[in-house]
Every structure is written in structure tokens, then in C-alpha cells.
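The file target.pdb comes next; it holds PDB, C-alpha atoms.
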```pdb
ATOM      1  CA  MET A   1      27.603 -18.895 -33.491  1.00  0.00           C
ATOM      2  CA  ASP A   2      27.505 -15.140 -33.049  1.00  0.00           C
ATOM      3  CA  LEU A   3      29.006 -13.291 -30.066  1.00  0.00           C
ATOM      4  CA  VAL A   4      26.902 -10.324 -28.961  1.00  0.00           C
ATOM      5  CA  LEU A   5      28.000  -7.818 -26.324  1.00  0.00           C
ATOM      6  CA  THR A   6      25.470  -5.644 -24.538  1.00  0.00           C
ATOM      7  CA  LYS A   7      26.076  -2.038 -23.561  1.00  0.00           C
ATOM      8  CA  TRP A   8      29.733  -1.021 -23.140  1.00  0.00           C
ATOM      9  CA  ILE A   9      32.804  -2.526 -21.508  1.00  0.00           C
ATOM     10  CA  ALA A  10      34.252  -1.302 -18.183  1.00  0.00           C
ATOM     11  CA  LEU A  11      30.929   0.113 -16.959  1.00  0.00           C
ATOM     12  CA  LYS A  12      31.262  -0.974 -13.345  1.00  0.00           C
ATOM     13  CA  GLY A  13      34.943  -0.058 -13.221  1.00  0.00           C
ATOM     14  CA  THR A  14      34.221   3.410 -14.564  1.00  0.00           C
ATOM     15  CA  PHE A  15      31.340   3.860 -12.128  1.00  0.00           C
ATOM     16  CA  GLU A  16      33.496   2.747  -9.169  1.00  0.00           C
ATOM     17  CA  LEU A  17      36.407   4.997 -10.104  1.00  0.00           C
ATOM     18  CA  ALA A  18      34.197   8.032 -10.702  1.00  0.00           C
ATOM     19  CA  SER A  19      32.369   7.417  -7.420  1.00  0.00           C
ATOM     20  CA  ARG A  20      35.410   6.685  -5.252  1.00  0.00           C
ATOM     21  CA  LYS A  21      38.143   8.715  -6.926  1.00  0.00           C
ATOM     22  CA  GLY A  22      36.108  11.670  -8.168  1.00  0.00           C
ATOM     23  CA  GLU A  23      38.224  14.286  -6.397  1.00  0.00           C
ATOM     24  CA  GLN A  24      41.370  12.969  -8.051  1.00  0.00           C
ATOM     25  CA  LEU A  25      39.684  12.899 -11.462  1.00  0.00           C
ATOM     26  CA  LEU A  26      38.573  16.532 -11.092  1.00  0.00           C
ATOM     27  CA  SER A  27      42.218  17.542 -11.410  1.00  0.00           C
ATOM     28  CA  ARG A  28      41.970  16.711 -15.115  1.00  0.00           C
ATOM     29  CA  PHE A  29      38.330  16.352 -16.158  1.00  0.00           C
ATOM     30  CA  PRO A  30      35.216  18.541 -15.957  1.00  0.00           C
ATOM     31  CA  SER A  31      32.805  17.724 -13.144  1.00  0.00           C
ATOM     32  CA  VAL A  32      30.012  16.944 -15.636  1.00  0.00           C
ATOM     33  CA  MET A  33      32.068  14.059 -17.075  1.00  0.00           C
ATOM     34  CA  ILE A  34      32.762  12.631 -13.615  1.00  0.00           C
ATOM     35  CA  GLN A  35      29.099  12.969 -12.682  1.00  0.00           C
ATOM     36  CA  ASP A  36      28.021  11.217 -15.904  1.00  0.00           C
ATOM     37  CA  ALA A  37      30.431   8.340 -15.184  1.00  0.00           C
ATOM     38  CA  ALA A  38      29.216   8.109 -11.580  1.00  0.00           C
ATOM     39  CA  GLU A  39      25.708   7.662 -12.979  1.00  0.00           C
ATOM     40  CA  PHE A  40      26.740   4.510 -14.897  1.00  0.00           C
ATOM     41  CA  GLU A  41      25.151   2.682 -11.972  1.00  0.00           C
ATOM     42  CA  ARG A  42      21.895   2.832 -13.930  1.00  0.00           C
ATOM     43  CA  TYR A  43      23.399   0.431 -16.509  1.00  0.00           C
ATOM     44  CA  LEU A  44      24.621  -2.237 -14.088  1.00  0.00           C
ATOM     45  CA  SER A  45      21.642  -4.612 -14.256  1.00  0.00           C
ATOM     46  CA  THR A  46      21.612  -7.251 -17.009  1.00  0.00           C
ATOM     47  CA  GLU A  47      18.196  -8.672 -16.126  1.00  0.00           C
ATOM     48  CA  ARG A  48      16.489  -7.394 -19.286  1.00  0.00           C
ATOM     49  CA  GLU A  49      19.266  -8.831 -21.465  1.00  0.00           C
ATOM     50  CA  TYR A  50      18.574 -12.267 -19.975  1.00  0.00           C
ATOM     51  CA  GLN A  51      14.823 -11.924 -20.524  1.00  0.00           C
ATOM     52  CA  ILE A  52      15.146 -10.855 -24.151  1.00  0.00           C
ATOM     53  CA  SER A  53      17.987 -13.206 -25.140  1.00  0.00           C
ATOM     54  CA  GLY A  54      16.083 -16.347 -24.246  1.00  0.00           C
ATOM     55  CA  GLY A  55      13.652 -15.706 -27.079  1.00  0.00           C
ATOM     56  CA  TYR A  56      16.488 -15.535 -29.621  1.00  0.00           C
ATOM     57  CA  GLY A  57      18.096 -18.910 -29.069  1.00  0.00           C
ATOM     58  CA  ALA A  58      20.826 -17.819 -26.683  1.00  0.00           C
ATOM     59  CA  ALA A  59      23.124 -20.809 -26.166  1.00  0.00           C
ATOM     60  CA  ALA A  60      25.045 -18.982 -23.428  1.00  0.00           C
ATOM     61  CA  ILE A  61      24.778 -15.725 -21.513  1.00  0.00           C
ATOM     62  CA  TYR A  62      27.796 -14.605 -19.526  1.00  0.00           C
ATOM     63  CA  PRO A  63      27.641 -11.442 -17.392  1.00  0.00           C
ATOM     64  CA  LEU A  64      30.915  -9.550 -17.348  1.00  0.00           C
ATOM     65  CA  GLY A  65      32.537  -8.956 -13.994  1.00  0.00           C
ATOM     66  CA  LYS A  66      36.085  -9.022 -12.643  1.00  0.00           C
ATOM     67  CA  GLY A  67      38.719  -8.912 -15.343  1.00  0.00           C
ATOM     68  CA  GLY A  68      36.393  -7.245 -17.826  1.00  0.00           C
ATOM     69  CA  ILE A  69      35.690  -8.329 -21.377  1.00  0.00           C
ATOM     70  CA  LEU A  70      38.930 -10.292 -21.804  1.00  0.00           C
ATOM     71  CA  ASN A  71      38.287 -12.365 -18.685  1.00  0.00           C
ATOM     72  CA  GLY A  72      34.637 -12.809 -19.672  1.00  0.00           C
ATOM     73  CA  LEU A  73      35.512 -14.067 -23.135  1.00  0.00           C
ATOM     74  CA  TRP A  74      38.120 -16.473 -21.777  1.00  0.00           C
ATOM     75  CA  ASN A  75      35.870 -17.926 -19.065  1.00  0.00           C
ATOM     76  CA  MET A  76      32.808 -18.249 -21.285  1.00  0.00           C
ATOM     77  CA  LEU A  77      34.766 -19.978 -24.042  1.00  0.00           C
ATOM     78  CA  GLU A  78      36.409 -22.316 -21.512  1.00  0.00           C
ATOM     79  CA  GLN A  79      32.942 -23.370 -20.314  1.00  0.00           C
ATOM     80  CA  MET A  80      31.766 -23.847 -23.896  1.00  0.00           C
ATOM     81  CA  GLU A  81      35.006 -25.558 -24.992  1.00  0.00           C
ATOM     82  CA  ALA A  82      35.060 -23.247 -28.005  1.00  0.00           C
ATOM     83  CA  GLY A  83      37.263 -20.754 -29.748  1.00  0.00           C
ATOM     84  CA  MET A  84      36.417 -17.357 -31.188  1.00  0.00           C
ATOM     85  CA  GLU A  85      37.314 -14.692 -33.648  1.00  0.00           C
ATOM     86  CA  ILE A  86      36.363 -11.162 -32.621  1.00  0.00           C
ATOM     87  CA  ASP A  87      37.037  -7.694 -33.955  1.00  0.00           C
ATOM     88  CA  LEU A  88      38.508  -5.528 -31.175  1.00  0.00           C
ATOM     89  CA  ARG A  89      37.273  -2.362 -32.894  1.00  0.00           C
ATOM     90  CA  LYS A  90      33.669  -3.542 -32.579  1.00  0.00           C
ATOM     91  CA  ILE A  91      33.828  -3.772 -28.788  1.00  0.00           C
ATOM     92  CA  PRO A  92      31.884  -0.727 -27.562  1.00  0.00           C
ATOM     93  CA  ILE A  93      33.363   1.516 -24.891  1.00  0.00           C
ATOM     94  CA  ARG A  94      32.206   4.852 -23.523  1.00  0.00           C
ATOM     95  CA  GLN A  95      34.581   7.792 -23.827  1.00  0.00           C
ATOM     96  CA  GLU A  96      34.342   8.346 -20.069  1.00  0.00           C
ATOM     97  CA  SER A  97      35.745   4.830 -19.563  1.00  0.00           C
ATOM     98  CA  VAL A  98      38.592   5.459 -21.989  1.00  0.00           C
ATOM     99  CA  GLU A  99      39.575   8.721 -20.280  1.00  0.00           C
ATOM    100  CA  ILE A 100      39.231   7.511 -16.700  1.00  0.00           C
ATOM    101  CA  CYS A 101      41.103   4.258 -17.344  1.00  0.00           C
ATOM    102  CA  GLU A 102      43.849   6.200 -19.102  1.00  0.00           C
ATOM    103  CA  PHE A 103      44.097   8.596 -16.133  1.00  0.00           C
ATOM    104  CA  PHE A 104      44.770   5.660 -13.792  1.00  0.00           C
ATOM    105  CA  ASP A 105      46.888   3.750 -16.361  1.00  0.00           C
ATOM    106  CA  LEU A 106      44.384   0.885 -16.515  1.00  0.00           C
ATOM    107  CA  ASN A 107      43.415  -1.345 -19.412  1.00  0.00           C
ATOM    108  CA  PRO A 108      39.647  -0.883 -19.956  1.00  0.00           C
ATOM    109  CA  TYR A 109      39.471  -4.352 -21.545  1.00  0.00           C
ATOM    110  CA  MET A 110      40.566  -5.764 -18.169  1.00  0.00           C
ATOM    111  CA  ALA A 111      38.474  -3.515 -15.886  1.00  0.00           C
ATOM    112  CA  LEU A 112      35.318  -4.424 -13.970  1.00  0.00           C
ATOM    113  CA  GLY A 113      32.719  -5.130 -16.620  1.00  0.00           C
ATOM    114  CA  GLY A 114      29.536  -5.416 -14.575  1.00  0.00           C
ATOM    115  CA  GLY A 115      26.505  -4.186 -16.508  1.00  0.00           C
ATOM    116  CA  SER A 116      27.513  -5.842 -19.776  1.00  0.00           C
ATOM    117  CA  ALA A 117      26.786  -9.368 -20.931  1.00  0.00           C
ATOM    118  CA  LEU A 118      28.226 -11.646 -23.586  1.00  0.00           C
ATOM    119  CA  ILE A 119      25.594 -13.657 -25.412  1.00  0.00           C
ATOM    120  CA  VAL A 120      26.198 -16.568 -27.775  1.00  0.00           C
ATOM    121  CA  THR A 121      23.421 -17.155 -30.299  1.00  0.00           C
ATOM    122  CA  GLU A 122      22.858 -18.277 -33.860  1.00  0.00           C
ATOM    123  CA  ASN A 123      20.695 -15.186 -34.385  1.00  0.00           C
ATOM    124  CA  GLY A 124      23.108 -12.399 -33.496  1.00  0.00           C
ATOM    125  CA  GLU A 125      21.745  -9.711 -35.791  1.00  0.00           C
ATOM    126  CA  GLU A 126      18.146 -10.428 -34.778  1.00  0.00           C
ATOM    127  CA  LEU A 127      19.108 -10.346 -31.095  1.00  0.00           C
ATOM    128  CA  VAL A 128      20.978  -7.060 -31.530  1.00  0.00           C
ATOM    129  CA  ASP A 129      17.878  -5.575 -33.199  1.00  0.00           C
ATOM    130  CA  ALA A 130      15.587  -6.827 -30.407  1.00  0.00           C
ATOM    131  CA  LEU A 131      17.870  -5.488 -27.678  1.00  0.00           C
ATOM    132  CA  GLU A 132      18.189  -2.126 -29.439  1.00  0.00           C
ATOM    133  CA  GLN A 133      14.394  -1.905 -29.779  1.00  0.00           C
ATOM    134  CA  ALA A 134      14.195  -2.464 -26.008  1.00  0.00           C
ATOM    135  CA  GLY A 135      16.634   0.416 -25.463  1.00  0.00           C
ATOM    136  CA  ILE A 136      19.663  -1.778 -24.711  1.00  0.00           C
ATOM    137  CA  PRO A 137      22.750  -1.051 -26.812  1.00  0.00           C
ATOM    138  CA  ALA A 138      24.145  -4.271 -28.292  1.00  0.00           C
ATOM    139  CA  THR A 139      26.871  -5.118 -30.800  1.00  0.00           C
ATOM    140  CA  LEU A 140      27.825  -8.211 -32.758  1.00  0.00           C
ATOM    141  CA  ILE A 141      31.558  -8.457 -31.973  1.00  0.00           C
ATOM    142  CA  GLY A 142      32.472 -11.797 -33.590  1.00  0.00           C
ATOM    143  CA  GLN A 143      31.784 -15.497 -33.780  1.00  0.00           C
ATOM    144  CA  THR A 144      32.690 -18.710 -32.043  1.00  0.00           C
ATOM    145  CA  VAL A 145      34.822 -21.183 -34.012  1.00  0.00           C
ATOM    146  CA  ASP A 146      35.021 -24.980 -33.947  1.00  0.00           C
ATOM    147  CA  ASN A 147      38.600 -25.100 -32.668  1.00  0.00           C
ATOM    148  CA  ASN A 148      40.051 -23.663 -29.445  1.00  0.00           C
ATOM    149  CA  ASP A 149      41.809 -20.708 -31.102  1.00  0.00           C
ATOM    150  CA  ARG A 150      40.789 -17.451 -29.448  1.00  0.00           C
ATOM    151  CA  ILE A 151      41.725 -14.735 -31.891  1.00  0.00           C
ATOM    152  CA  ILE A 152      41.346 -10.988 -31.488  1.00  0.00           C
ATOM    153  CA  ILE A 153      41.643  -8.981 -34.696  1.00  0.00           C
ATOM    154  CA  ASN A 154      42.655  -5.322 -34.564  1.00  0.00           C
ATOM    155  CA  ASP A 155      42.933  -3.777 -38.023  1.00  0.00           C
ATOM    156  CA  GLU A 156      45.538  -5.900 -39.810  1.00  0.00           C
ATOM    157  CA  ASP A 157      46.886  -7.515 -36.630  1.00  0.00           C
ATOM    158  CA  ALA A 158      45.638 -10.741 -35.089  1.00  0.00           C
ATOM    159  CA  ARG A 159      46.645 -12.045 -31.687  1.00  0.00           C
ATOM    160  CA  TYR A 160      45.599 -14.859 -29.414  1.00  0.00           C
ATOM    161  CA  LEU A 161      43.629 -14.186 -26.268  1.00  0.00           C
ATOM    162  CA  THR A 162      45.686 -15.298 -23.274  1.00  0.00           C
ATOM    163  CA  PRO A 163      44.388 -16.514 -19.902  1.00  0.00           C
ATOM    164  CA  PRO A 164      43.237 -13.636 -17.705  1.00  0.00           C
ATOM    165  CA  LYS A 165      45.519 -12.140 -15.077  1.00  0.00           C
ATOM    166  CA  GLY A 166      42.950 -10.487 -12.829  1.00  0.00           C
ATOM    167  CA  ASP A 167      41.281  -7.127 -12.906  1.00  0.00           C
ATOM    168  CA  ASP A 168      43.314  -4.024 -13.679  1.00  0.00           C
ATOM    169  CA  ILE A 169      41.215  -1.798 -11.406  1.00  0.00           C
ATOM    170  CA  TYR A 170      42.619  -3.365  -8.247  1.00  0.00           C
ATOM    171  CA  LYS A 171      46.069  -1.946  -9.067  1.00  0.00           C
ATOM    172  CA  ILE A 172      44.972   1.483  -7.861  1.00  0.00           C
ATOM    173  CA  TYR A 173      43.547   0.198  -4.587  1.00  0.00           C
ATOM    174  CA  ARG A 174      46.806  -1.540  -3.650  1.00  0.00           C
ATOM    175  CA  ASN A 175      48.670   1.765  -3.482  1.00  0.00           C
TER     176      ASN A 175
END
```

What do you get writing this file as C-alpha cells?
Amino acid sequence: MDLVLTKWIALKGTFELASRKGEQLLSRFPSVMIQDAAEFERYLSTEREYQISGGYGAAAIYPLGKGGILNGLWNMLEQMEAGMEIDLRKIPIRQESVEICEFFDLNPYMALGGGSALIVTENGEELVDALEQAGIPATLIGQTVDNNDRIIINDEDARYLTPPKGDDIYKIYRN
């Protein structure tokens, strides 16, 4: 089955950091970028994704949360007792998320992912088209496989997804 990801990864983490650590971020980034990231709140609902996906044979819908996309993939596949093969380069991420996570030395693939959903369906391309027509960015990032191998491909490299270790964003709040 196809694995579809809605919107972009690390949305909630980026929103939280821009909202709570904006003054720190202004030491490196223009205020317009911080303001844009603080407005990611508008993307945090996944209600429309749920409504639309049901009509396209969604076998599973998993909202991202703590631990980001990597945690979401692991937990969803554990529940489904399935494996996967995904292309890391297809996972969408906003530039604001890249920059802000880099500033705090965080992995955006392990940062709060609220606002995005993973959807498993046999009609991935049709679902992506329907979501896009509704104004919701969506990307086909890979497929489930019949074994339990959870493989992430990045260019010529392939590695196994390992069990999640928490959410990277909490590192900055411990200090």
C-alpha cells in the first residue's frame, strides 16, 4: 500500500520554537521568517485530511506528534504489523523548519510533527490529487511491504528505521 504524508514535517515543533524562542532566533534570522514560522499554527489541524482520506480507501491514518515523522512511521507500522520502504528525499519540509532546527541542533525528522498525517491507502496518487485539490499539500513518500523491514532510502544509501528515542525538541527545554 502507498504511504502518503500531508503537509510538511516538524510543523508543530517549528511553530513552538518560533513562538517561544523568537528572541533567540532573531540573532540569526530576519523577523519575517520567524513570524512566518510562528504562523504555522494555521496548519496544525488534520481534520480535513481525515474527512478526505476516508473516501480514498485509507487503511490507516496516523497523525504525527511527539518524535516527528520517524516516531510516527515506527508507531503506525507497529500497529499495522508491516514494514515499509520510503524515500527520505520525498519527505516534505519547510525551509523555516530546516533553519530553526539547525539553529537549535535538532533533527527535524524527530521534532514535534503535529499538523501532518501519515495515511496508508491503495490509492496514493488519487488521494494526493484529492488533497491537493482541497488545498492540502500531500506527497507519496513510499510503500508498505509484506515483511517487517523498515527501510529508508536516501540517494544510494539505505538504512533501517530504528525504534524512536523521543522528541528532539525537548533537548532545548531541559537546559

Within 8 Å of stretch 14-34 of chain A: each stretch 63-146 of chain A residue with its shortest pair, all atoms listed in the file, as CSV:
```
residue,atom,partner,partner_atom,distance
A:Glu96,CA,A:Met33,CA,6.8
A:Ser97,CA,A:Thr14,CA,5.4
A:Ile100,CA,A:Thr14,CA,6.8
A:Cys101,CA,A:Thr14,CA,7.5
A:Phe103,CA,A:Leu25,CA,7.7
A:Leu112,CA,A:Thr14,CA,7.9
```

| query | So how many Å separate atom CA of A:Gly65 and atom CA of A:Ala10, to one decimal? | reply |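 Computing it gives 8.9 Å between the two atoms.
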
| task | Find the residues near stretch 50-64 of chain A: any atom within 9 Å, counting all atoms listed in the file, skip ones fewer than 4 places away on the same chain, and give them as JSON, numbers by chain. | result | {"A": [1, 9, 10, 46, 68, 69, 71, 72, 73, 75, 76, 80, 112, 113, 114, 115, 116, 117, 118, 119, 120, 121, 122, 123, 124, 126, 127, 130, 131, 134]}

| Pick the closest to A:Trp8 from A:Pro137, A:Gln143, A:Ile93, A:Asp36: which is it, counting all atoms listed in the file? |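 Of A:Pro137, A:Gln143, A:Ile93, A:Asp36, the one nearest A:Trp8, counting all atoms listed in the file, is A:Ile93.
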
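One finds atom CA of A:Met110 at 28.9 Å from atom CA of A:Gln133.
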
| task | Can you work out which one of A:Leu77, A:Met84, A:Val98, A:Ile172 has the shortest atom-to-atom distance to A:Val145, counting all atoms listed in the file? | result |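 Among the listed residues, the smallest separation from A:Val145 belongs to A:Met84.
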
Suppose a student applies the PyMOL selection byres ((chain A and resi 167) around 8) to this structure; what residues should they get, written as a PDB file with C-alpha atoms, in the coordinates of the input?
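Result went into out20.pdb, see below:
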```pdb
ATOM      1  CA  LYS A  66      36.085  -9.022 -12.643  1.00  0.00           C
ATOM      2  CA  GLY A  67      38.719  -8.912 -15.343  1.00  0.00           C
ATOM      3  CA  GLY A  68      36.393  -7.245 -17.826  1.00  0.00           C
ATOM      4  CA  MET A 110      40.566  -5.764 -18.169  1.00  0.00           C
ATOM      5  CA  ALA A 111      38.474  -3.515 -15.886  1.00  0.00           C
ATOM      6  CA  LEU A 112      35.318  -4.424 -13.970  1.00  0.00           C
ATOM      7  CA  LYS A 165      45.519 -12.140 -15.077  1.00  0.00           C
ATOM      8  CA  GLY A 166      42.950 -10.487 -12.829  1.00  0.00           C
ATOM      9  CA  ASP A 168      43.314  -4.024 -13.679  1.00  0.00           C
ATOM     10  CA  ILE A 169      41.215  -1.798 -11.406  1.00  0.00           C
ATOM     11  CA  TYR A 170      42.619  -3.365  -8.247  1.00  0.00           C
TER      12      TYR A 170
END
```

| Separation of atom CA of A:Ile153 and atom CA of A:Ile91, in Å? |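 Taking atom CA of A:Ile153 and atom CA of A:Ile91, their separation equals 11.1 Å.
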